[in-house]
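Visitor: Structure supplied as my_file_38.tsv; contents: TSV, C-alpha atoms.
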chain	number	residue	atom	x	y	z
D	30	MET	CA	-28.05	11.77	-4.04
D	31	THR	CA	-28.76	8.38	-5.61
D	32	ILE	CA	-26.30	5.70	-4.57
D	33	GLU	CA	-25.48	3.10	-7.20
D	34	ASP	CA	-26.03	-0.57	-6.41
D	35	PRO	CA	-22.88	-1.60	-4.46
D	36	ASP	CA	-22.05	-4.60	-6.63
D	37	GLU	CA	-22.61	-2.69	-9.85
D	38	ALA	CA	-20.46	0.18	-8.59
D	39	ALA	CA	-17.64	-2.22	-7.74
D	40	ARG	CA	-17.77	-3.79	-11.20
D	41	ARG	CA	-17.83	-0.42	-12.93
D	42	LEU	CA	-14.86	0.91	-10.96
D	43	ALA	CA	-12.95	-2.33	-11.43
D	44	ALA	CA	-13.48	-2.11	-15.18
D	45	VAL	CA	-11.97	1.39	-15.21
D	46	SER	CA	-8.90	0.21	-13.28
D	47	LEU	CA	-8.43	-2.92	-15.36
D	48	ALA	CA	-8.63	-0.88	-18.55
D	49	ALA	CA	-5.68	1.07	-17.15
D	50	ASP	CA	-3.82	-2.18	-16.33
D	51	ASP	CA	-4.25	-1.47	-12.62
D	52	PRO	CA	-5.85	-4.48	-10.91
D	53	THR	CA	-6.05	-2.89	-7.44
D	54	GLY	CA	-6.70	0.78	-8.22
D	55	TRP	CA	-10.46	0.37	-8.06
D	56	PHE	CA	-10.33	-0.03	-4.28
D	57	GLU	CA	-9.20	3.57	-3.82
D	58	ARG	CA	-11.88	4.76	-6.24
D	59	LEU	CA	-14.54	2.85	-4.27
D	60	TYR	CA	-13.42	3.95	-0.81
D	61	ALA	CA	-13.03	7.55	-1.94
D	62	ALA	CA	-16.56	7.49	-3.37
D	63	ALA	CA	-17.84	5.95	-0.13
D	64	ALA	CA	-16.17	8.74	1.86
D	65	ASP	CA	-18.07	11.25	-0.28
D	66	GLY	CA	-21.35	9.42	0.30
D	67	ALA	CA	-21.60	8.43	-3.36
D	68	ALA	CA	-21.06	4.68	-2.92
D	69	VAL	CA	-21.38	1.86	-0.42
D	70	VAL	CA	-18.59	-0.66	0.21
D	71	PRO	CA	-20.29	-4.01	-0.58
D	72	TRP	CA	-18.26	-6.03	1.93
D	73	ASP	CA	-18.84	-3.70	4.89
D	74	ARG	CA	-20.68	-6.22	7.07
D	75	GLY	CA	-20.54	-4.15	10.26
D	76	ALA	CA	-18.94	-7.11	12.06
D	77	PRO	CA	-16.06	-9.57	11.68
D	78	HIS	CA	-16.63	-12.39	9.21
D	79	PRO	CA	-18.66	-15.12	10.94
D	80	LEU	CA	-16.41	-17.89	9.60
D	81	LEU	CA	-13.44	-16.15	11.24
D	82	VAL	CA	-15.31	-15.79	14.53
D	83	ASP	CA	-16.33	-19.45	14.43
D	84	TRP	CA	-12.78	-20.60	13.64
D	85	ALA	CA	-11.30	-18.50	16.45
D	86	ALA	CA	-13.61	-19.82	19.14
D	87	GLY	CA	-11.60	-21.50	21.89
D	88	ARG	CA	-8.23	-20.74	20.25
D	89	ASP	CA	-5.38	-18.85	21.84
D	90	LEU	CA	-4.71	-15.98	19.43
D	91	ALA	CA	-1.90	-14.37	21.43
D	92	GLY	CA	1.03	-13.56	19.16
D	93	SER	CA	1.44	-11.60	15.95
D	94	ALA	CA	-1.33	-11.47	13.35
D	95	LEU	CA	-1.70	-9.94	9.91
D	96	VAL	CA	-4.97	-9.13	8.16
D	97	VAL	CA	-4.64	-8.96	4.38
D	98	GLY	CA	-6.84	-6.22	2.93
D	99	PHE	CA	-8.40	-4.85	6.13
D	100	GLY	CA	-11.36	-3.17	4.38
D	101	PRO	CA	-13.78	-1.82	7.01
D	102	GLY	CA	-11.49	-3.13	9.76
D	103	PHE	CA	-13.78	-5.44	11.71
D	104	ASP	CA	-11.67	-8.58	11.23
D	105	ALA	CA	-8.53	-6.81	12.44
D	106	GLU	CA	-10.33	-5.33	15.46
D	107	PHE	CA	-11.70	-8.77	16.32
D	108	LEU	CA	-8.23	-10.33	16.35
D	109	ALA	CA	-6.85	-7.48	18.44
D	110	ALA	CA	-9.68	-7.86	20.94
D	111	ARG	CA	-8.80	-11.55	21.21
D	112	GLY	CA	-5.24	-10.68	22.21
D	113	ALA	CA	-3.36	-10.75	18.91
D	114	ALA	CA	-0.76	-8.06	18.20
D	115	THR	CA	-2.43	-7.19	14.91
D	116	THR	CA	-1.09	-5.52	11.80
D	117	ALA	CA	-3.48	-4.91	8.92
D	118	PHE	CA	-2.94	-3.44	5.47
D	119	ASP	CA	-4.99	-2.27	2.54
D	120	VAL	CA	-3.99	-0.76	-0.79
D	121	SER	CA	-6.40	2.17	-0.44
D	122	PRO	CA	-5.37	5.36	1.43
D	123	SER	CA	-9.06	6.27	1.72
D	124	ALA	CA	-9.72	2.93	3.43
D	125	LEU	CA	-6.94	3.75	5.89
D	126	THR	CA	-8.47	7.15	6.66
D	127	ALA	CA	-11.90	5.59	7.11
D	128	VAL	CA	-10.77	2.80	9.43
D	129	ARG	CA	-8.78	5.16	11.64
D	130	GLY	CA	-11.86	7.34	11.93
D	131	ARG	CA	-14.06	4.38	12.71
D	132	PHE	CA	-11.75	2.94	15.38
D	133	PRO	CA	-9.96	5.86	17.06
D	134	GLY	CA	-7.34	4.69	19.52
D	135	SER	CA	-7.29	1.18	18.03
D	136	PRO	CA	-4.32	-1.03	18.95
D	137	VAL	CA	-4.19	-2.33	15.37
D	138	ASP	CA	-1.25	-1.19	13.27
D	139	TYR	CA	-3.12	-0.14	10.13
D	140	ARG	CA	-1.01	0.53	7.03
D	141	THR	CA	-1.28	1.00	3.30
D	142	ALA	CA	0.49	-1.65	1.23
D	143	ASP	CA	0.05	-3.50	-2.06
D	144	LEU	CA	-0.45	-7.27	-1.90
D	145	LEU	CA	1.24	-7.58	-5.28
D	146	ALA	CA	4.33	-5.74	-4.00
D	147	PRO	CA	4.28	-6.22	-0.22
D	148	PRO	CA	6.75	-4.70	2.26
D	149	PRO	CA	9.86	-6.90	2.60
D	150	GLU	CA	9.55	-6.86	6.38
D	151	PHE	CA	6.27	-8.81	6.13
D	152	ARG	CA	8.14	-11.86	4.82
D	153	ARG	CA	7.57	-14.79	7.23
D	154	ALA	CA	6.83	-12.31	10.01
D	155	PHE	CA	3.39	-13.27	11.38
D	156	GLY	CA	2.17	-16.17	13.52
D	157	LEU	CA	-1.35	-15.84	12.10
D	158	VAL	CA	-2.24	-14.51	8.65
D	159	VAL	CA	-5.92	-13.97	7.80
D	160	GLU	CA	-6.98	-13.56	4.17
D	161	VAL	CA	-10.71	-12.86	3.78
D	162	MET	CA	-11.81	-12.40	0.16
D	163	THR	CA	-8.90	-10.25	-0.96
D	164	VAL	CA	-7.29	-12.48	-3.58
D	165	GLN	CA	-10.74	-12.99	-5.15
D	166	SER	CA	-11.05	-9.23	-5.63
D	167	MET	CA	-8.48	-9.40	-8.44
D	168	PRO	CA	-8.85	-11.08	-11.85
D	169	PRO	CA	-7.61	-14.70	-12.10
D	170	PRO	CA	-4.27	-13.85	-13.77
D	171	PHE	CA	-3.31	-12.04	-10.57
D	172	HIS	CA	-4.35	-14.83	-8.21
D	173	PRO	CA	-1.00	-16.71	-8.35
D	174	PRO	CA	1.22	-13.74	-7.36
D	175	ALA	CA	-1.29	-12.60	-4.74
D	176	THR	CA	-1.48	-16.13	-3.32
D	177	ALA	CA	2.30	-16.35	-3.20
D	178	SER	CA	2.47	-13.07	-1.27
D	179	VAL	CA	-0.11	-14.25	1.26
D	180	ALA	CA	1.69	-17.56	1.81
D	181	GLY	CA	4.98	-15.73	2.26
D	182	PHE	CA	3.71	-13.72	5.24
D	183	VAL	CA	3.42	-16.77	7.52
D	184	ALA	CA	6.19	-17.21	10.08
D	185	PRO	CA	7.73	-20.60	10.93
D	186	GLY	CA	5.21	-22.46	13.05
D	187	GLY	CA	2.51	-20.02	11.94
D	188	THR	CA	-1.00	-20.43	10.56
D	189	LEU	CA	-2.77	-19.09	7.47
D	190	LEU	CA	-6.56	-18.84	7.40
D	191	VAL	CA	-8.23	-18.22	4.03
D	192	ILE	CA	-11.93	-17.42	3.69
D	193	THR	CA	-13.27	-16.82	0.20
D	194	MET	CA	-16.12	-17.53	-2.18
D	195	VAL	CA	-16.34	-20.82	-4.06
D	196	ALA	CA	-15.95	-21.17	-7.84
D	197	ASP	CA	-16.50	-24.59	-9.37
D	198	THR	CA	-15.03	-23.36	-12.64
D	199	PRO	CA	-12.76	-20.36	-13.27
D	200	PRO	CA	-14.99	-17.24	-13.34
D	201	GLU	CA	-14.94	-14.89	-16.32
D	202	ASP	CA	-16.63	-11.77	-14.99
D	203	GLY	CA	-16.10	-9.92	-11.74
D	204	PRO	CA	-15.43	-8.63	-9.25
D	205	PRO	CA	-15.43	-10.84	-7.40
D	206	TRP	CA	-13.51	-13.64	-9.06
D	207	PRO	CA	-14.08	-16.52	-6.57
D	208	LEU	CA	-11.46	-19.21	-6.11
D	209	THR	CA	-11.53	-22.77	-7.40
D	210	ARG	CA	-10.39	-25.69	-5.25
D	211	ALA	CA	-7.10	-25.74	-7.16
D	212	GLU	CA	-6.56	-22.08	-6.28
D	213	ILE	CA	-7.27	-22.80	-2.62
D	214	ASP	CA	-4.77	-25.67	-2.69
D	215	ALA	CA	-2.21	-23.26	-4.19
D	216	PHE	CA	-1.89	-21.51	-0.81
D	217	GLY	CA	-0.07	-24.68	0.27
D	218	GLN	CA	3.26	-23.43	-1.09
D	219	ASP	CA	6.46	-22.00	0.31
D	220	GLY	CA	6.50	-24.61	3.07
D	221	LEU	CA	2.81	-24.35	4.02
D	222	THR	CA	0.77	-27.53	4.38
D	223	PRO	CA	-3.02	-27.86	4.62
D	224	VAL	CA	-4.61	-28.52	8.00
D	225	ALA	CA	-8.25	-28.32	6.90
D	226	VAL	CA	-10.05	-27.27	3.73
D	227	GLU	CA	-13.79	-26.86	4.25
D	228	ARG	CA	-16.46	-26.06	1.71
D	229	LEU	CA	-19.24	-24.41	3.69
D	230	GLU	CA	-22.03	-23.86	1.17
D	231	HIS	CA	-20.68	-21.07	-1.08
D	232	ARG	CA	-17.55	-20.33	0.97
D	233	TRP	CA	-14.15	-21.91	1.37
D	234	ARG	CA	-12.50	-21.88	4.79
D	235	ALA	CA	-8.98	-23.26	4.59
D	236	GLU	CA	-6.29	-23.48	7.23
D	237	PHE	CA	-2.60	-24.00	6.47
D	238	ARG	CA	0.43	-24.26	8.72
D	239	ARG	CA	4.13	-23.75	8.28
D	240	ASP	CA	6.25	-26.26	10.22
Would you mind writing the file out in structure tokens?

Guide:
Amino acid sequence: MTIEDPDEAARRLAAVSLAADDPTGWFERLYAAAADGAAVVPWDRGAPHPLLVDWAAGRDLAGSALVVGFGPGFDAEFLAARGAATTAFDVSPSALTAVRGRFPGSPVDYRTADLLAPPPEFRRAFGLVVEVMTVQSMPPPFHPPATASVAGFVAPGGTLLVITMVADTPPEDGPPWPLTRAEIDAFGQDGLTPVAVERLEHRWRAEFRRD
């Protein structure tokens, strides 16, 4: 079986979902195809994101944590291994099946949920929220509501870490649809204030805190 180029497959599946006015439906199509061996998930790095690992070095991560869009699960497993009571969600049921198979017996509370309509109990519920390239997986018109949802997960005294690709101007074609500096700054809402915003070559790494 010939496997389509991962990036091209993601764009093709996203186009189908967007044509149906479904900005997140392409994730299930991609993960289902990957489960059948017909596609490869482009962001399956086989390890936690290096900018997350670097940020976490020397920090006490004990407490509650939420991973937005767990994907292959490595970021969530990393936080759990560092002592965080970790919840992680993804919109795709096939992603949930895959991650439970990959990490049997994991302490992470993996769930399906939609970032654009998140569970009410997530509101201001987590001491650490980690968003790695999930908002950028949706077209720009959906960035504001997705950003607002992410910001709303952070508990009083909590921290938000955002890692995403850099866009100097608003992108037209995707996925992905990387974030501009203004879109990064937009995470500083709902009582969140910036601690550090770093541009590391073609990636943003931004930390926010709620007093």

Visitor: In Å, rounded to a single decimal, give me how far atom CA of D:Val97 is from atom CA of D:Leu190.

Guide: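 These atoms are spaced 10.5 Å apart.
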
Visitor: Nearest to D:Ala235: which of D:Val159, D:Ala142, D:Ala94, D:Phe182 is it, counting all atoms listed in the file?

Guide: D:Val159

Visitor: So how many Å separate atom CA of D:Ser123 and atom CA of D:Arg58, to one decimal?

Guide: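 The value is 8.6 Å.
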
Visitor: Show me the residues around (-5.3, -0.1, 2.6) - criterion: an atom at most 9 Å away, all atoms listed in the file counted - as a ChimeraX atom specification.

Guide: /D:56-57,98-100,117-126,139-143

Visitor: When you draw a straight line from atom CA of D:Pro136 to atom CA of D:Pro101, how long is it in Å?

Guide: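 Computing the Euclidean distance for atom CA of D:Pro136 and atom CA of D:Pro101 yields 15.3 Å.
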
Visitor: If we count only C-alpha atoms, what is near D:Leu189 at a cut-off of 10 Å, once residues fewer than 6 positions away on the same chain are taken out, given as a PyMOL selection string?

Guide: chain D and resi 94-95+155-160+179-183+216-217+221-224+235-239

Visitor: For D:Pro77, which residue among D:Val161, D:Pro149, D:Ala64, D:Leu59 is the nearest when counting all atoms listed in the file?

Guide: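 Using all atoms listed in the file, D:Pro77 sits closest to D:Val161.
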
Visitor: Rank nothing, just name the residue among D:Gly220, D:Gly87, D:Pro133, D:Pro204 nearest to D:Pro168, using all atoms listed in the file.

Guide: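 Once distances to D:Pro168 are computed over all atoms listed in the file, the minimum belongs to D:Pro204.
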
Visitor: Under the rule that all atoms listed in the file are counted, which of D:Gly92, D:Ser166, D:Pro199, D:Phe132 is the nearest residue to D:Ala154?

Guide: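 Checking each of D:Gly92, D:Ser166, D:Pro199, D:Phe132 against D:Ala154, counting all atoms listed in the file, the winner is D:Gly92.
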
Visitor: Determine the nearest neighbour of D:Arg152 from the options D:Ala175, D:Ala85, D:Met167, D:Ala184, counting only C-alpha atoms.

Guide: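 When distances to D:Arg152 are compared using only C-alpha atoms, the smallest one comes from D:Ala184.
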
Visitor: Pick out the residues sitting within 10 Å of D:Phe103, and hand them over as a PyMOL selection string; count all atoms listed in the file, and ignore anything fewer than 2 positions along from it in its own chain.

Guide: chain D and resi 73-78+99-101+105-109+128+131-132

Visitor: Measuring between all atoms listed in the file, which one of D:Ala177, D:Met162, D:Ala127, D:Pro185 shows the shortest distance to D:Pro205?

Guide: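 The closest residue to D:Pro205 is D:Met162.
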